[in-house]
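Below is the file final-v5.txt, which contains compact mmCIF, C-alpha atoms.
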```txt
# COMPACT_ATOMS: atom_id res chain seq x y z
CA MET A 1 31.29 16.33 14.33
CA GLN A 2 28.19 17.04 12.29
CA THR A 3 25.41 14.47 12.52
CA LEU A 4 24.16 13.37 9.09
CA ARG A 5 20.44 12.72 8.82
CA LYS A 6 18.54 10.91 6.12
CA SER A 7 14.87 10.28 5.35
CA ILE A 8 13.66 7.63 2.93
CA ARG A 9 10.14 7.39 1.54
CA ILE A 10 9.12 4.32 -0.47
CA ARG A 11 6.06 4.52 -2.74
CA SER A 12 6.15 0.98 -4.10
CA ALA A 13 4.19 -1.84 -2.51
CA ILE A 14 6.38 -3.79 -0.07
CA ALA A 15 6.36 -7.41 1.07
CA LEU A 16 7.87 -7.92 4.51
CA ASP A 17 8.31 -11.62 5.23
CA GLU A 18 10.49 -13.48 7.72
CA ASN A 19 13.61 -13.28 5.53
CA ASN A 20 13.21 -9.58 4.77
CA LEU A 21 12.52 -8.72 8.40
CA THR A 22 15.61 -10.63 9.52
CA SER A 23 17.73 -8.91 6.86
CA LEU A 24 16.47 -5.51 7.92
CA LEU A 25 17.25 -6.15 11.59
CA SER A 26 20.76 -7.31 10.68
CA ILE A 27 21.33 -3.95 8.95
CA ILE A 28 20.13 -2.12 12.04
CA TYR A 29 22.33 -4.12 14.41
CA ASP A 30 25.38 -3.65 12.15
CA TYR A 31 25.17 0.12 12.42
CA TYR A 32 23.55 0.50 15.85
CA PRO A 33 25.10 -2.38 17.85
CA ASP A 34 24.42 -0.79 21.25
CA ASN A 35 20.70 -0.35 20.67
CA ASN A 36 18.20 -3.18 20.55
CA ALA A 37 15.49 -2.37 18.03
CA ARG A 38 12.06 -1.89 19.57
CA MET A 39 9.43 -3.67 17.48
CA ILE A 40 5.98 -2.11 17.75
CA ALA A 41 3.04 -3.50 15.76
CA VAL A 42 -0.29 -1.74 15.21
CA LEU A 43 -3.17 -4.19 14.86
CA GLN A 44 -6.37 -3.85 12.87
CA ASP A 45 -8.33 -3.18 16.07
CA ASN A 46 -6.02 -0.15 16.66
CA ARG A 47 -4.09 -1.77 19.52
CA GLU A 48 -0.33 -1.27 19.73
CA VAL A 49 1.72 -4.28 20.79
CA GLU A 50 5.45 -4.22 21.49
CA PHE A 51 7.50 -7.37 20.89
CA ASP A 52 10.83 -7.92 22.65
CA SER A 53 12.19 -10.26 19.96
CA VAL A 54 11.78 -10.88 16.25
CA ASP A 55 10.77 -14.48 17.00
CA LYS A 56 7.78 -13.33 19.04
CA LEU A 57 6.77 -10.89 16.32
CA LEU A 58 6.89 -13.66 13.72
CA GLN A 59 4.86 -15.96 16.01
CA HIS A 60 1.98 -13.47 16.06
CA ASP A 61 -1.15 -15.05 14.53
CA ASN A 62 -1.72 -12.04 12.24
CA TYR A 63 -5.40 -12.88 11.80
CA ARG A 64 -8.58 -10.78 11.40
CA LYS A 65 -8.81 -8.15 14.16
CA THR A 66 -5.28 -8.97 15.31
CA ARG A 67 -3.94 -8.63 11.78
CA ILE A 68 -0.91 -6.32 11.63
CA VAL A 69 -1.46 -3.09 9.70
CA ALA A 70 1.76 -1.28 10.64
CA VAL A 71 5.18 -2.08 12.08
CA CYS A 72 7.64 0.38 13.58
CA LEU A 73 11.28 -0.53 14.23
CA ALA A 74 13.09 2.00 16.38
CA CYS A 75 16.50 2.37 18.01
CA ASP A 76 16.17 5.13 20.60
CA LYS A 77 16.16 8.50 18.83
CA LEU A 78 18.81 7.55 16.28
CA TYR A 79 16.79 5.46 13.92
CA LYS A 80 13.18 4.74 13.02
CA ILE A 81 11.55 2.88 10.18
CA VAL A 82 7.80 2.54 9.78
CA PHE A 83 5.97 0.12 7.48
CA THR A 84 2.30 0.97 7.16
CA CYS A 85 -0.69 -0.07 5.09
CA LYS A 86 -3.13 2.25 6.84
CA PHE A 87 -5.39 4.16 4.46
CA PRO A 88 -4.27 7.81 4.16
CA ILE A 89 -7.69 9.50 4.34
CA LYS A 90 -6.33 12.77 2.91
CA ASN A 91 -5.05 11.14 -0.27
CA PHE A 92 -6.72 9.08 -2.97
CA ILE A 93 -3.46 7.17 -3.50
CA CYS A 94 -0.85 5.71 -1.16
CA LEU A 95 1.92 8.28 -1.39
CA SER A 96 4.21 6.44 1.01
CA THR A 97 4.28 2.83 2.18
CA VAL A 98 7.55 3.02 4.11
CA GLU A 99 9.10 5.89 6.03
CA ALA A 100 12.66 5.56 7.31
CA ASP A 101 14.63 8.15 9.28
CA PHE A 102 18.17 7.58 10.47
CA SER A 103 21.24 9.55 11.48
CA MET A 104 24.95 8.80 11.59
CA ASP A 105 27.93 10.67 13.02
CA GLU A 106 30.45 9.37 10.48
CA GLU A 107 30.06 10.02 6.78
CA LYS A 108 31.45 6.65 5.66
CA TYR A 109 28.87 4.77 7.76
CA TYR A 110 26.16 7.12 6.56
CA THR A 111 26.94 6.19 2.95
CA LEU A 112 27.12 2.48 3.73
CA ILE A 113 23.82 2.28 5.61
CA ASN A 114 22.13 4.32 2.87
CA ASN A 115 23.36 1.85 0.24
CA ASP A 116 22.27 -1.12 2.36
CA PHE A 117 18.80 0.34 2.76
CA GLU A 118 18.47 0.94 -0.98
CA LYS A 119 19.42 -2.68 -1.68
CA PHE A 120 16.99 -3.93 0.96
CA PHE A 121 14.01 -1.95 -0.34
CA GLU A 122 14.79 -2.99 -3.91
CA LYS A 123 14.60 -6.62 -2.80
CA ALA A 124 11.44 -6.11 -0.74
CA LYS A 125 9.50 -4.29 -3.46
CA GLN A 126 6.42 -5.95 -4.87
CA PRO A 127 6.06 -6.27 -8.68
CA ILE A 128 4.93 -3.04 -10.35
CA TYR A 129 1.46 -4.42 -11.17
CA TYR A 130 0.77 -4.76 -7.43
CA THR A 131 1.55 -1.09 -6.80
CA ILE A 132 -0.76 -0.22 -9.70
CA MET A 133 -3.57 -2.31 -8.18
CA VAL A 134 -3.06 -0.56 -4.82
CA ASN A 135 -3.51 2.87 -6.37
CA ALA A 136 -5.83 2.12 -9.29
CA LEU A 137 -9.29 1.95 -7.73
CA VAL A 138 -10.22 5.61 -7.28
CA PRO A 139 -8.73 6.89 -10.59
CA VAL A 140 -10.37 4.07 -12.57
CA LEU A 141 -13.77 4.57 -10.97
CA LEU A 142 -13.45 8.33 -11.38
CA ALA A 143 -12.85 7.83 -15.11
CA ILE A 144 -15.88 5.54 -15.32
CA TYR A 145 -18.06 8.10 -13.53
CA THR A 146 -16.86 10.86 -15.83
CA ILE A 147 -17.38 8.89 -19.04
CA GLY A 148 -20.81 7.79 -17.90
CA PHE A 149 -22.06 11.28 -17.10
CA LEU A 150 -20.51 12.80 -20.23
CA SER A 151 -22.29 10.13 -22.26
CA LEU A 152 -25.59 11.15 -20.65
CA ILE A 153 -25.00 14.78 -21.63
CA LEU A 154 -23.92 14.01 -25.19
CA TYR A 155 -26.44 11.35 -26.12
CA HIS A 156 -29.56 12.38 -24.24
CA ASP A 157 -31.76 15.44 -24.52
CA PHE A 158 -31.89 17.57 -21.38
CA SER A 159 -34.49 20.19 -20.61
CA PHE A 160 -31.79 22.46 -19.15
CA ASP A 161 -28.67 23.95 -20.69
CA VAL A 162 -25.29 22.22 -20.89
CA LEU A 163 -23.69 24.41 -18.23
CA SER A 164 -26.33 23.44 -15.70
CA ALA A 165 -25.87 19.79 -16.62
CA ALA A 166 -22.08 20.10 -16.32
CA PHE A 167 -22.45 21.68 -12.88
CA ILE A 168 -24.67 18.81 -11.70
CA VAL A 169 -22.25 16.29 -13.21
CA THR A 170 -19.34 17.87 -11.32
CA ILE A 171 -21.22 17.74 -8.02
CA VAL A 172 -22.30 14.13 -8.53
CA ILE A 173 -18.84 12.94 -9.64
CA GLY A 174 -17.25 14.70 -6.68
CA ALA A 175 -19.70 13.14 -4.22
CA ILE A 176 -19.31 9.63 -5.64
CA SER A 177 -15.52 9.94 -5.76
CA PHE A 178 -15.41 11.07 -2.14
CA ALA A 179 -17.65 8.17 -1.13
CA THR A 180 -15.38 5.79 -3.03
CA ALA A 181 -12.29 7.13 -1.30
CA VAL A 182 -13.83 7.00 2.16
CA LEU A 183 -15.89 3.81 1.94
CA VAL A 184 -14.50 1.60 -0.81
CA LYS A 185 -10.77 2.35 -0.78
CA PRO A 186 -10.14 0.97 2.75
CA LEU A 187 -11.88 -2.27 1.74
CA TRP A 188 -9.82 -2.39 -1.45
CA LEU A 189 -6.61 -1.95 0.57
CA ARG A 190 -7.52 -4.93 2.73
CA VAL A 191 -7.22 -7.01 -0.44
CA PHE A 192 -4.36 -5.19 -2.13
CA CYS A 193 -2.29 -4.01 0.84
CA PRO A 194 0.57 -1.64 -0.02
CA VAL A 195 2.57 -3.34 2.74
CA GLN A 196 2.12 -7.04 3.38
CA PHE A 197 3.34 -8.61 6.62
CA LEU A 198 3.73 -12.16 5.38
CA TRP A 199 3.72 -14.41 8.40
CA GLY A 200 1.07 -16.30 10.35
CA GLU A 201 -2.41 -16.45 8.83
CA GLU A 202 -1.60 -13.59 6.46
CA ILE A 203 0.25 -15.98 4.15
CA LYS A 204 -2.92 -18.06 3.66
CA ARG A 205 -5.04 -14.94 3.10
CA VAL A 206 -2.65 -13.58 0.46
CA LYS A 207 -2.68 -16.89 -1.41
CA LYS A 208 -6.49 -16.89 -1.46
CA VAL A 209 -6.60 -13.27 -2.64
CA THR A 210 -4.08 -13.99 -5.40
CA SER A 211 -6.03 -17.03 -6.64
CA PHE A 212 -9.34 -15.13 -6.52
CA THR A 213 -7.84 -12.14 -8.37
CA TRP A 214 -6.50 -14.27 -11.22
CA TYR A 215 -9.84 -16.11 -11.39
CA ILE A 216 -11.77 -12.84 -11.75
CA LEU A 217 -9.26 -11.47 -14.28
CA GLY A 218 -9.63 -14.67 -16.28
CA ILE A 219 -13.43 -14.31 -16.37
CA VAL A 220 -13.25 -10.63 -17.32
CA THR A 221 -10.68 -11.35 -20.06
CA GLY A 222 -12.83 -14.15 -21.44
CA VAL A 223 -15.93 -11.93 -21.56
CA LEU A 224 -14.02 -9.11 -23.26
CA VAL A 225 -12.46 -11.43 -25.85
CA ASN A 226 -15.86 -12.96 -26.60
CA PHE A 227 -17.47 -9.51 -26.92
CA ILE A 228 -14.73 -8.17 -29.20
CA SER A 229 -14.74 -11.28 -31.39
CA LYS A 230 -18.51 -11.05 -31.87
CA LEU A 231 -18.18 -7.34 -32.59
CA LEU A 232 -15.48 -7.86 -35.21
CA PHE A 233 -16.46 -11.18 -36.76
CA GLY A 234 -20.11 -11.61 -35.77
```
Go ahead and express the file in the form of structure tokens.
Amino acid sequence: MQTLRKSIRIRSAIALDENNLTSLLSIIYDYYPDNNARMIAVLQDNREVEFDSVDKLLQHDNYRKTRIVAVCLACDKLYKIVFTCKFPIKNFICLSTVEADFSMDEEKYYTLINNDFEKFFEKAKQPIYYTIMVNALVPVLLAIYTIGFLSLILYHDFSFDVLSAAFIVTIVIGAISFATAVLVKPLWLRVFCPVQFLWGEEIKRVKKVTSFTWYILGIVTGVLVNFISKLLFG
């Protein structure tokens, strides 16, 4: 009998809370009843900790250096699913937040588990604006850099030709963009994590981040509205 293999890659931001984690484990145990899922968490201080039960995983404080940044659920060599919010240094955007690999010997079970996974990930997805916030920083800042340097070329007199100026602009934009990706993006992802493990202290942190984000957006919106109103009606 041919073994059917499947790989799933999720690009949307994911929220994994107690209910979602329990639902996911129930799917695993339905299709792999003879294999207890190994639960391995990677912490912010790069330690790997294995939990022998979901209750112990959910009791983890999830705070500061012991904050969870990745979770791997595995059943021997048959099945593996990895949730990760680690910064992919080779990419400016998070191309994959979840990676799932599984195999089945019977086609009917293969189809069923595939459907169950699709339903699960649809339920666990964050709203689209959150995924945008996860991936927006570098492209937005890159656009700002570009507009700023183009404005300098267009509206200021340079003692050297445009090609030389364009070359310098390219070098500077590239350097700043690289610095943003390497230095700023990891800090940004600590606020807007592509995968959120919502238990322990992480719940409090997410609530604070959400409140602070809406507060800042409110201030920015107010400033823009005031500026535009003065520009149009002042």
Output as lines of an AutoDock Vina configuration file the centre and edge lengths (Å, one decimal) of the box along x, y and z of the file that holds every listed atom of segment 110-117 of chain A after adding 5 Å on each side.
```
center_x = 23.0
center_y = 3.0
center_z = 3.4
size_x = 18.3
size_y = 18.2
size_z = 16.3
```
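Interatomic distance, atom CA of Lys125 of chain A against atom CA of Met104 of chain A: 25.2 Å.
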Atom-to-atom span, atom CA of Asn135 of chain A and atom CA of Ile173 of chain A, Å: 18.6 Å
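For the pair atom CA of Ile203 of chain A and atom CA of Ile8 of chain A, the interatomic distance is 27.2 Å.
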Counting all atoms listed in the file, which residue out of A:Thr66, A:Gln59, A:Thr3, A:Thr180 sits closest to Ala136 of chain A? A:Thr180
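Counting only C-alpha atoms, the residue from A:Gln44, A:Gly200, A:Asn20, A:Leu189 that sits nearest to Lys56 of chain A is A:Gly200.
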Could you pull the residues within 6 Å of Ala100 of chain A, counting only C-alpha atoms, minus those fewer than 5 positions along the same chain, as a ChimeraX atom specification? /A:7-8,80-81
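Each of A:Met133, A:Ala124, A:Val138, A:Val49 was checked against Val191 of chain A using all atoms listed in the file; the smallest atom-to-atom distance is that of A:Met133.
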Sort by chain and increasing residue number a table of all residues of segment 187-234 of chain A within 7 Å of segment 14-18 of chain A, each with its closest pair of atoms and their distance in Å to one decimal, counting only C-alpha atoms, and write it as a Markdown table.
```
| residue | atom | partner | partner_atom | distance |
| --- | --- | --- | --- | --- |
| A:Pro194 | CA | A:Ile14 | CA | 6.2 |
| A:Val195 | CA | A:Ile14 | CA | 4.8 |
| A:Gln196 | CA | A:Ala15 | CA | 4.8 |
| A:Phe197 | CA | A:Leu16 | CA | 5.0 |
| A:Leu198 | CA | A:Asp17 | CA | 4.6 |
| A:Trp199 | CA | A:Asp17 | CA | 6.2 |
```
Skipping near chain neighbours, those fewer than 4 positions away, what residues fall within 12 Å of Ser23 of chain A using all atoms listed in the file, listed as number ranges by chain? A: 16-19, 27-30, 54, 116-117, 119-121, 123-124
